[in-house]
$ cat coords.pdb   # PDB, C-alpha atoms
ATOM      1  CA  MET E   1     106.007  97.986 100.790
ATOM      2  CA  LYS E   2     106.703 101.493  99.509
ATOM      3  CA  ILE E   3     104.106 102.701  97.007
ATOM      4  CA  GLY E   4     104.108 105.792  94.823
ATOM      5  CA  LEU E   5     100.666 107.061  93.787
ATOM      6  CA  ILE E   6     100.807 109.017  90.535
ATOM      7  CA  THR E   7      98.085 111.649  90.536
ATOM      8  CA  TYR E   8      97.112 115.060  89.197
ATOM      9  CA  ASP E   9      98.147 118.129  91.196
ATOM     10  CA  LYS E  10      94.490 119.104  91.656
ATOM     11  CA  PRO E  11      91.670 117.257  93.457
ATOM     12  CA  HIS E  12      90.837 114.012  91.648
ATOM     13  CA  LEU E  13      88.205 111.476  92.768
ATOM     14  CA  LYS E  14      89.872 108.224  91.668
ATOM     15  CA  SER E  15      93.207 109.252  93.216
ATOM     16  CA  TYR E  16      91.476 110.325  96.429
ATOM     17  CA  GLN E  17      89.707 106.956  96.679
ATOM     18  CA  ILE E  18      92.912 104.992  96.020
ATOM     19  CA  LEU E  19      94.877 107.003  98.582
ATOM     20  CA  LYS E  20      92.121 106.632 101.178
ATOM     21  CA  GLY E  21      92.138 102.852 100.628
ATOM     22  CA  LEU E  22      95.931 102.619 100.919
ATOM     23  CA  ILE E  23      95.890 104.644 104.140
ATOM     24  CA  LYS E  24      93.082 102.471 105.557
ATOM     25  CA  LYS E  25      95.146  99.300 104.973
ATOM     26  CA  ASN E  26      97.796 100.894 107.212
ATOM     27  CA  LYS E  27     100.620  98.740 105.870
ATOM     28  CA  TYR E  28     102.223 100.822 103.129
ATOM     29  CA  GLN E  29     104.651 103.690 103.015
ATOM     30  CA  ILE E  30     103.117 106.041 100.469
ATOM     31  CA  LYS E  31     104.479 108.915  98.387
ATOM     32  CA  LEU E  32     102.284 111.087  96.148
ATOM     33  CA  LEU E  33     103.830 111.656  92.735
ATOM     34  CA  LEU E  34     102.156 114.733  91.296
ATOM     35  CA  VAL E  35     101.579 115.302  87.599
ATOM     36  CA  LYS E  36     100.743 118.801  86.389
ATOM     37  CA  PHE E  37      97.096 118.906  85.325
ATOM     38  CA  LYS E  38      96.819 120.084  81.737
ATOM     39  CA  LYS E  39      93.652 122.023  81.074
ATOM     40  CA  ARG E  40      92.234 121.045  77.727
ATOM     41  CA  SER E  41      89.542 122.660  75.639
ATOM     42  CA  LYS E  42      86.245 123.328  77.416
ATOM     43  CA  LYS E  43      84.545 120.524  75.504
ATOM     44  CA  LYS E  44      87.142 117.884  76.540
ATOM     45  CA  ASN E  45      87.184 119.005  80.193
ATOM     46  CA  ASP E  46      83.441 118.356  80.405
ATOM     47  CA  HIS E  47      84.170 114.682  79.745
ATOM     48  CA  ARG E  48      84.218 113.637  83.433
ATOM     49  CA  PRO E  49      83.619 116.788  85.504
ATOM     50  CA  HIS E  50      82.672 114.816  88.640
ATOM     51  CA  GLN E  51      86.235 113.460  88.803
ATOM     52  CA  PHE E  52      87.510 116.938  89.660
ATOM     53  CA  LYS E  53      84.723 118.073  92.027
ATOM     54  CA  THR E  54      85.927 116.123  95.038
ATOM     55  CA  LYS E  55      88.000 116.139  98.182
ATOM     56  CA  SER E  56      91.710 116.662  97.633
ATOM     57  CA  GLN E  57      94.080 113.703  97.697
ATOM     58  CA  ILE E  58      96.852 116.234  98.326
ATOM     59  CA  LYS E  59      95.168 117.523 101.504
ATOM     60  CA  LEU E  60      94.485 113.926 102.588
ATOM     61  CA  ALA E  61      98.184 113.152 102.101
ATOM     62  CA  LYS E  62      99.234 116.199 104.099
ATOM     63  CA  VAL E  63      96.931 115.297 107.025
ATOM     64  CA  ASN E  64      98.484 111.801 107.046
ATOM     65  CA  ASN E  65     102.105 113.045 106.778
ATOM     66  CA  ILE E  66     102.522 111.604 103.289
ATOM     67  CA  LYS E  67     105.201 113.266 101.188
ATOM     68  CA  SER E  68     104.253 114.788  97.816
ATOM     69  CA  VAL E  69     106.734 115.428  95.000
ATOM     70  CA  TYR E  70     106.320 116.209  91.317
ATOM     71  CA  PHE E  71     106.712 113.176  89.060
ATOM     72  CA  ASN E  72     109.198 114.908  86.748
ATOM     73  CA  LYS E  73     111.627 115.739  89.589
ATOM     74  CA  LYS E  74     114.954 113.932  89.598
ATOM     75  CA  ASN E  75     114.856 110.848  91.842
ATOM     76  CA  CYS E  76     111.080 111.139  92.354
ATOM     77  CA  LEU E  77     110.855 107.340  92.110
ATOM     78  CA  SER E  78     113.629 106.703  94.614
ATOM     79  CA  LYS E  79     112.738 104.600  97.661
ATOM     80  CA  ILE E  80     109.563 103.243  96.009
ATOM     81  CA  ASP E  81     108.945  99.550  95.295
ATOM     82  CA  VAL E  82     106.114 100.122  92.825
ATOM     83  CA  ALA E  83     104.137 103.070  91.481
ATOM     84  CA  ILE E  84     100.436 103.019  90.627
ATOM     85  CA  ILE E  85      98.494 105.443  88.480
ATOM     86  CA  GLY E  86      95.522 107.170  90.087
ATOM     87  CA  GLY E  87      95.182 109.865  87.467
ATOM     88  CA  ALA E  88      97.657 111.245  84.981
ATOM     89  CA  ASN E  89      98.265 112.453  81.476
ATOM     90  CA  LEU E  90     100.698 110.487  79.352
ATOM     91  CA  LEU E  91     103.886 110.215  81.403
ATOM     92  CA  ASN E  92     107.364 111.256  80.345
ATOM     93  CA  TYR E  93     108.770 108.095  78.756
ATOM     94  CA  ARG E  94     112.295 108.920  79.975
ATOM     95  CA  ILE E  95     111.220 108.421  83.607
ATOM     96  CA  ILE E  96     109.353 105.143  83.038
ATOM     97  CA  LYS E  97     111.095 102.022  84.362
ATOM     98  CA  LYS E  98     110.225  98.602  82.937
ATOM     99  CA  ASN E  99     107.654  96.644  85.010
ATOM    100  CA  TYR E 100     107.495  99.340  87.666
ATOM    101  CA  ILE E 101     104.388 101.516  87.152
ATOM    102  CA  LEU E 102     101.017  99.747  87.346
ATOM    103  CA  ASN E 103      97.895 100.988  85.591
ATOM    104  CA  CYS E 104      94.358  99.643  85.773
ATOM    105  CA  HIS E 105      92.952 100.214  82.295
ATOM    106  CA  SER E 106      89.204 100.121  81.685
ATOM    107  CA  GLY E 107      89.497  97.884  78.665
ATOM    108  CA  LEU E 108      90.874  94.526  77.631
ATOM    109  CA  ILE E 109      94.344  95.231  76.282
ATOM    110  CA  PRO E 110      95.428  94.830  73.507
ATOM    111  CA  GLN E 111      91.973  94.751  71.857
ATOM    112  CA  THR E 112      90.638  97.911  73.520
ATOM    113  CA  ARG E 113      93.093 100.711  74.208
ATOM    114  CA  GLY E 114      92.713 104.408  74.915
ATOM    115  CA  LEU E 115      90.097 106.602  76.533
ATOM    116  CA  ASP E 116      86.502 105.404  77.048
ATOM    117  CA  SER E 117      87.367 101.759  76.407
ATOM    118  CA  ILE E 118      84.233 100.463  78.146
ATOM    119  CA  LYS E 119      81.988 102.600  75.949
ATOM    120  CA  TRP E 120      83.838 101.524  72.774
ATOM    121  CA  SER E 121      83.688  97.847  73.741
ATOM    122  CA  ILE E 122      79.927  98.037  74.229
ATOM    123  CA  TYR E 123      79.472 100.014  71.005
ATOM    124  CA  LYS E 124      81.510  97.449  69.040
ATOM    125  CA  ASN E 125      79.785  94.516  70.806
ATOM    126  CA  GLU E 126      83.131  93.279  72.204
ATOM    127  CA  LEU E 127      83.983  91.841  75.608
ATOM    128  CA  VAL E 128      84.093  94.429  78.384
ATOM    129  CA  GLY E 129      86.630  94.296  81.184
ATOM    130  CA  ASN E 130      89.691  95.715  82.888
ATOM    131  CA  THR E 131      93.398  95.112  82.489
ATOM    132  CA  LEU E 132      96.012  95.516  85.174
ATOM    133  CA  HIS E 133      99.281  96.164  83.354
ATOM    134  CA  TYR E 134     102.679  97.751  83.687
ATOM    135  CA  ILE E 135     103.090 100.825  81.540
ATOM    136  CA  ASP E 136     105.878 101.269  79.030
ATOM    137  CA  GLN E 137     106.673 103.851  76.344
ATOM    138  CA  SER E 138     103.578 102.853  74.329
ATOM    139  CA  VAL E 139     100.005 103.741  75.265
ATOM    140  CA  ASP E 140      98.175 100.835  76.947
ATOM    141  CA  LYS E 141     100.587  98.182  75.675
ATOM    142  CA  GLY E 142     102.798  97.219  78.651
ATOM    143  CA  ASN E 143     103.179  93.767  80.216
ATOM    144  CA  ILE E 144      99.786  92.456  81.337
ATOM    145  CA  VAL E 145      99.393  91.298  84.935
ATOM    146  CA  CYS E 146      95.763  90.180  84.609
ATOM    147  CA  HIS E 147      92.449  90.643  82.789
ATOM    148  CA  LYS E 148      89.014  90.666  84.432
ATOM    149  CA  ILE E 149      85.852  90.371  82.350
ATOM    150  CA  THR E 150      82.909  92.600  83.310
ATOM    151  CA  LYS E 151      79.411  91.280  82.724
ATOM    152  CA  VAL E 152      77.177  93.604  80.715
ATOM    153  CA  TYR E 153      73.400  93.375  80.969
ATOM    154  CA  LYS E 154      70.822  94.861  78.607
ATOM    155  CA  SER E 155      69.210  96.625  81.553
TER     156      SER E 155
END
$ encode --input "coords.pdb" --output "structure tokens"
Amino acid sequence: MKIGLITYDKPHLKSYQILKGLIKKNKYQIKLLLVKFKKRSKKKNDHRPHQFKTKSQIKLAKVNNIKSVYFNKKNCLSKIDVAIIGGANLLNYRIIKKNYILNCHSGLIPQTRGLDSIKWSIYKNELVGNTLHYIDQSVDKGNIVCHKITKVYKS
């Protein structure tokens, strides 16, 4: 299977961990699909600073002879069976193919969409979980593959 990993063009923990896991399985052809990291205001960048203080998924790809291309390049999705999101801003809707790019969202779609879904679910006393879904032109609304409930304990 040929997998495209959509990731920021700077070191990113989640993307690094996903790539390391895919390499370890040793059964996929992988292509890194880079998305330009957009620096936001200082306050917003402090949201998850540990995500960007990590080893580089780009260097890991290079060491393992994995090709990297920018996501917005023409034909960037060619020769890929499925793409998965490791880390990205909202993607250019013109490049999105139906039922092609998988995202693991930290909330139960459609009830909990957007950033910090786990925190909002707990705050609103709603079920907490994850959704594996295909992305489409809407934010966190694509076809759902599966839901998994996460147990929350008072402790």
$ axis_aligned_box --input "coords.pdb" --around "region 138-149 of chain E" --padding-each-side "8 Å" --output "lines of an AutoDock Vina configuration file"
center_x = 94.7
center_y = 97.0
center_z = 79.6
size_x = 33.7
size_y = 29.6
size_z = 26.6
$ closest_residue --input "coords.pdb" --among "E:Ile135, E:Ile149, E:Ile58, E:Ile85" --to "Gly107 (chain E)" --atoms "all atoms listed in the file"
E:Ile149
$ resolve_selection --input "coords.pdb" --expression "the PyMOL selection byres ((chain E and resi 68) around 9)" --output "list in words"
Lys31, Leu32, Leu33, Leu34, Ile58, Ala61, Lys62, Ile66, Lys67, Val69 and Tyr70 of chain E
$ closest_atom_pairs --input "coords.pdb" --of "region 84-133 of chain E" --to "region 75-78 of chain E" --cutoff "12 Å" --atoms "only C-alpha atoms" --output "CSV"
residue,atom,partner,partner_atom,distance
E:Ile84,CA,E:Leu77,CA,11.4
E:Ile95,CA,E:Leu77,CA,8.6
E:Ile96,CA,E:Leu77,CA,9.5
E:Lys97,CA,E:Leu77,CA,9.4
E:Tyr100,CA,E:Leu77,CA,9.7
E:Ile101,CA,E:Leu77,CA,10.0
$ residues_near_point --input "coords.pdb" --point "(93.2, 107.3, 73.5)" --cutoff "12 Å" --atoms "only C-alpha atoms" --output "list of chain:residue names"
E:Asn89, E:Leu90, E:His105, E:Ser106, E:Gly107, E:Thr112, E:Arg113, E:Gly114, E:Leu115, E:Asp116, E:Ser117, E:Trp120, E:Ser138, E:Val139, E:Asp140, E:Lys141
$ residues_around --input "coords.pdb" --residues "Ile144 (chain E)" --least-positions-apart "3" --cutoff "12 Å" --atoms "all atoms listed in the file" --output "list in words"
Asn99, Ile101, Leu102, Asn103, Cys104, His105, Gly107, Leu108, Ile109, Pro110, Asn130, Thr131, Leu132, His133, Tyr134, Ile135, Asp136, Asp140, Lys141, His147 and Lys148 of chain E
$ write_last_selection --input "coords.pdb" --atoms "C-alpha atoms" --output "compact mmCIF listing (two decimals), in the frame of the given file"
# COMPACT_ATOMS: atom_id res chain seq x y z
CA ASN E 99 107.65 96.64 85.01
CA ILE E 101 104.39 101.52 87.15
CA LEU E 102 101.02 99.75 87.35
CA ASN E 103 97.90 100.99 85.59
CA CYS E 104 94.36 99.64 85.77
CA HIS E 105 92.95 100.21 82.30
CA GLY E 107 89.50 97.88 78.67
CA LEU E 108 90.87 94.53 77.63
CA ILE E 109 94.34 95.23 76.28
CA PRO E 110 95.43 94.83 73.51
CA ASN E 130 89.69 95.72 82.89
CA THR E 131 93.40 95.11 82.49
CA LEU E 132 96.01 95.52 85.17
CA HIS E 133 99.28 96.16 83.35
CA TYR E 134 102.68 97.75 83.69
CA ILE E 135 103.09 100.82 81.54
CA ASP E 136 105.88 101.27 79.03
CA ASP E 140 98.18 100.84 76.95
CA LYS E 141 100.59 98.18 75.68
CA HIS E 147 92.45 90.64 82.79
CA LYS E 148 89.01 90.67 84.43
$ closest_residue --input "coords.pdb" --among "E:Lys79, E:Lys38, E:Lys25, E:Lys74" --to "Arg94 (chain E)" --atoms "all atoms listed in the file"
E:Lys74
$ residues_around --input "coords.pdb" --residues "Thr7 (chain E)" --least-positions-apart "3" --cutoff "6 Å" --atoms "all atoms listed in the file" --output "PyMOL selection string"
chain E and resi 34-35+86-88
$ write_last_selection --input "coords.pdb" --atoms "C-alpha atoms" --output "PDB file, keeping the file's coordinate frame"
ATOM      1  CA  LEU E  34     102.156 114.733  91.296  1.00  0.00           C
ATOM      2  CA  VAL E  35     101.579 115.302  87.599  1.00  0.00           C
ATOM      3  CA  GLY E  86      95.522 107.170  90.087  1.00  0.00           C
ATOM      4  CA  GLY E  87      95.182 109.865  87.467  1.00  0.00           C
ATOM      5  CA  ALA E  88      97.657 111.245  84.981  1.00  0.00           C
TER       6      ALA E  88
END
$ atom_distance --input "coords.pdb" --atom1 "CA of Asn64 (chain E)" --atom2 "CA of Ile6 (chain E)"
16.9 Å
$ closest_atom_pairs --input "coords.pdb" --of "region 27-91 of chain E" --to "region 9-12 of chain E" --cutoff "7 Å" --atoms "all atoms listed in the file" --output "Markdown table"
| residue | atom | partner | partner_atom | distance |
| --- | --- | --- | --- | --- |
| E:Leu34 | CA | E:Asp9 | CA | 5.3 |
| E:Val35 | CA | E:Asp9 | CA | 5.7 |
| E:Lys36 | CA | E:Asp9 | CA | 5.5 |
| E:Phe37 | CA | E:Asp9 | CA | 6.0 |
| E:Gln51 | CA | E:His12 | CA | 5.4 |
| E:Phe52 | CA | E:His12 | CA | 4.9 |
| E:Thr54 | CA | E:Pro11 | CA | 6.1 |
| E:Lys55 | CA | E:Pro11 | CA | 6.1 |
| E:Ser56 | CA | E:Pro11 | CA | 4.2 |
| E:Gln57 | CA | E:Pro11 | CA | 6.0 |
$ decode --input "coords.pdb" --residues "region 107-138 of chain E" --atoms "N, CA, C and O atoms" --output "mmCIF file, in the first residue's frame"
data_model
loop_
_atom_site.group_PDB
_atom_site.id
_atom_site.type_symbol
_atom_site.label_atom_id
_atom_site.label_comp_id
_atom_site.auth_asym_id
_atom_site.auth_seq_id
_atom_site.Cartn_x
_atom_site.Cartn_y
_atom_site.Cartn_z
ATOM 1 N N GLY E 107 -12.326 13.974 18.837
ATOM 2 C CA GLY E 107 -13.678 14.276 19.268
ATOM 3 C C GLY E 107 -14.634 13.355 18.540
ATOM 4 O O GLY E 107 -14.262 12.697 17.569
ATOM 5 N N LEU E 108 -15.853 13.280 19.030
ATOM 6 C CA LEU E 108 -16.858 12.443 18.391
ATOM 7 C C LEU E 108 -17.659 13.287 17.410
ATOM 8 O O LEU E 108 -18.528 14.062 17.800
ATOM 9 N N ILE E 109 -17.307 13.164 16.147
ATOM 10 C CA ILE E 109 -17.984 13.905 15.082
ATOM 11 C C ILE E 109 -19.362 13.275 14.865
ATOM 12 O O ILE E 109 -19.475 12.067 14.874
ATOM 13 N N PRO E 110 -20.422 14.006 14.682
ATOM 14 C CA PRO E 110 -20.484 15.441 14.428
ATOM 15 C C PRO E 110 -20.694 16.286 15.685
ATOM 16 O O PRO E 110 -20.677 17.501 15.613
ATOM 17 N N GLN E 111 -20.885 15.647 16.852
ATOM 18 C CA GLN E 111 -21.176 16.425 18.064
ATOM 19 C C GLN E 111 -20.045 17.374 18.440
ATOM 20 O O GLN E 111 -20.286 18.508 18.832
ATOM 21 N N THR E 112 -18.795 16.895 18.373
ATOM 22 C CA THR E 112 -17.664 17.694 18.835
ATOM 23 C C THR E 112 -16.675 17.869 17.697
ATOM 24 O O THR E 112 -15.986 16.931 17.324
ATOM 25 N N ARG E 113 -16.637 19.067 17.145
ATOM 26 C CA ARG E 113 -15.748 19.380 16.037
ATOM 27 C C ARG E 113 -14.764 20.455 16.467
ATOM 28 O O ARG E 113 -14.964 21.122 17.462
ATOM 29 N N GLY E 114 -13.699 20.614 15.701
ATOM 30 C CA GLY E 114 -12.758 21.695 15.939
ATOM 31 C C GLY E 114 -11.647 21.358 16.913
ATOM 32 O O GLY E 114 -11.518 20.235 17.387
ATOM 33 N N LEU E 115 -10.858 22.376 17.211
ATOM 34 C CA LEU E 115 -9.691 22.251 18.076
ATOM 35 C C LEU E 115 -10.086 22.012 19.528
ATOM 36 O O LEU E 115 -11.109 22.516 19.988
ATOM 37 N N ASP E 116 -9.291 21.239 20.232
ATOM 38 C CA ASP E 116 -9.482 20.966 21.672
ATOM 39 C C ASP E 116 -10.796 20.257 21.978
ATOM 40 O O ASP E 116 -11.434 20.505 22.991
ATOM 41 N N SER E 117 -11.195 19.356 21.114
ATOM 42 C CA SER E 117 -12.472 18.653 21.277
ATOM 43 C C SER E 117 -12.568 17.879 22.578
ATOM 44 O O SER E 117 -13.626 17.830 23.201
ATOM 45 N N ILE E 118 -11.467 17.250 23.001
ATOM 46 C CA ILE E 118 -11.498 16.495 24.263
ATOM 47 C C ILE E 118 -11.807 17.434 25.422
ATOM 48 O O ILE E 118 -12.669 17.144 26.254
ATOM 49 N N LYS E 119 -11.135 18.552 25.463
ATOM 50 C CA LYS E 119 -11.359 19.522 26.555
ATOM 51 C C LYS E 119 -12.807 20.012 26.560
ATOM 52 O O LYS E 119 -13.436 20.107 27.601
ATOM 53 N N TRP E 120 -13.350 20.328 25.357
ATOM 54 C CA TRP E 120 -14.722 20.823 25.269
ATOM 55 C C TRP E 120 -15.725 19.748 25.665
ATOM 56 O O TRP E 120 -16.733 20.040 26.313
ATOM 57 N N SER E 121 -15.460 18.504 25.293
ATOM 58 C CA SER E 121 -16.370 17.416 25.661
ATOM 59 C C SER E 121 -16.427 17.250 27.173
ATOM 60 O O SER E 121 -17.504 17.075 27.753
ATOM 61 N N ILE E 122 -15.283 17.308 27.822
ATOM 62 C CA ILE E 122 -15.251 17.192 29.282
ATOM 63 C C ILE E 122 -15.960 18.379 29.917
ATOM 64 O O ILE E 122 -16.790 18.222 30.812
ATOM 65 N N TYR E 123 -15.666 19.577 29.438
ATOM 66 C CA TYR E 123 -16.278 20.796 29.964
ATOM 67 C C TYR E 123 -17.803 20.760 29.853
ATOM 68 O O TYR E 123 -18.520 21.158 30.765
ATOM 69 N N LYS E 124 -18.296 20.238 28.725
ATOM 70 C CA LYS E 124 -19.745 20.182 28.482
ATOM 71 C C LYS E 124 -20.386 18.899 29.016
ATOM 72 O O LYS E 124 -21.567 18.662 28.801
ATOM 73 N N ASN E 125 -19.565 18.052 29.693
ATOM 74 C CA ASN E 125 -20.052 16.790 30.243
ATOM 75 C C ASN E 125 -20.655 15.883 29.151
ATOM 76 O O ASN E 125 -21.693 15.260 29.343
ATOM 77 N N GLU E 126 -19.966 15.823 27.995
ATOM 78 C CA GLU E 126 -20.385 14.979 26.882
ATOM 79 C C GLU E 126 -19.445 13.783 26.779
ATOM 80 O O GLU E 126 -18.383 13.753 27.408
ATOM 81 N N LEU E 127 -19.813 12.807 25.970
ATOM 82 C CA LEU E 127 -18.941 11.668 25.730
ATOM 83 C C LEU E 127 -17.626 12.144 25.116
ATOM 84 O O LEU E 127 -17.605 13.068 24.300
ATOM 85 N N VAL E 128 -16.545 11.484 25.504
ATOM 86 C CA VAL E 128 -15.220 11.793 24.984
ATOM 87 C C VAL E 128 -14.782 10.641 24.094
ATOM 88 O O VAL E 128 -15.055 9.472 24.398
ATOM 89 N N GLY E 129 -14.135 10.941 22.997
ATOM 90 C CA GLY E 129 -13.659 9.882 22.119
ATOM 91 C C GLY E 129 -12.940 10.426 20.904
ATOM 92 O O GLY E 129 -12.623 11.613 20.827
ATOM 93 N N ASN E 130 -12.677 9.526 19.972
ATOM 94 C CA ASN E 130 -11.990 9.866 18.727
ATOM 95 C C ASN E 130 -12.814 9.404 17.542
ATOM 96 O O ASN E 130 -13.565 8.430 17.643
ATOM 97 N N THR E 131 -12.636 10.085 16.432
ATOM 98 C CA THR E 131 -13.303 9.720 15.189
ATOM 99 C C THR E 131 -12.260 9.588 14.091
ATOM 100 O O THR E 131 -11.462 10.498 13.882
ATOM 101 N N LEU E 132 -12.281 8.454 13.414
ATOM 102 C CA LEU E 132 -11.491 8.290 12.209
ATOM 103 C C LEU E 132 -12.440 8.607 11.053
ATOM 104 O O LEU E 132 -13.512 7.999 10.950
ATOM 105 N N HIS E 133 -12.072 9.596 10.249
ATOM 106 C CA HIS E 133 -12.970 10.015 9.166
ATOM 107 C C HIS E 133 -12.179 10.496 7.959
ATOM 108 O O HIS E 133 -11.012 10.867 8.067
ATOM 109 N N TYR E 134 -12.835 10.437 6.810
ATOM 110 C CA TYR E 134 -12.265 11.033 5.611
ATOM 111 C C TYR E 134 -12.597 12.516 5.633
ATOM 112 O O TYR E 134 -13.693 12.907 6.022
ATOM 113 N N ILE E 135 -11.637 13.333 5.224
ATOM 114 C CA ILE E 135 -11.927 14.765 5.183
ATOM 115 C C ILE E 135 -12.612 15.115 3.875
ATOM 116 O O ILE E 135 -12.492 14.417 2.877
ATOM 117 N N ASP E 136 -13.358 16.212 3.926
ATOM 118 C CA ASP E 136 -13.968 16.785 2.728
ATOM 119 C C ASP E 136 -13.796 18.293 2.810
ATOM 120 O O ASP E 136 -12.969 18.781 3.574
ATOM 121 N N GLN E 137 -14.580 19.055 2.067
ATOM 122 C CA GLN E 137 -14.414 20.506 2.044
ATOM 123 C C GLN E 137 -14.836 21.174 3.349
ATOM 124 O O GLN E 137 -14.491 22.312 3.599
ATOM 125 N N SER E 138 -15.596 20.491 4.186
ATOM 126 C CA SER E 138 -16.034 21.043 5.468
ATOM 127 C C SER E 138 -15.038 20.652 6.556
ATOM 128 O O SER E 138 -14.283 19.703 6.407
#
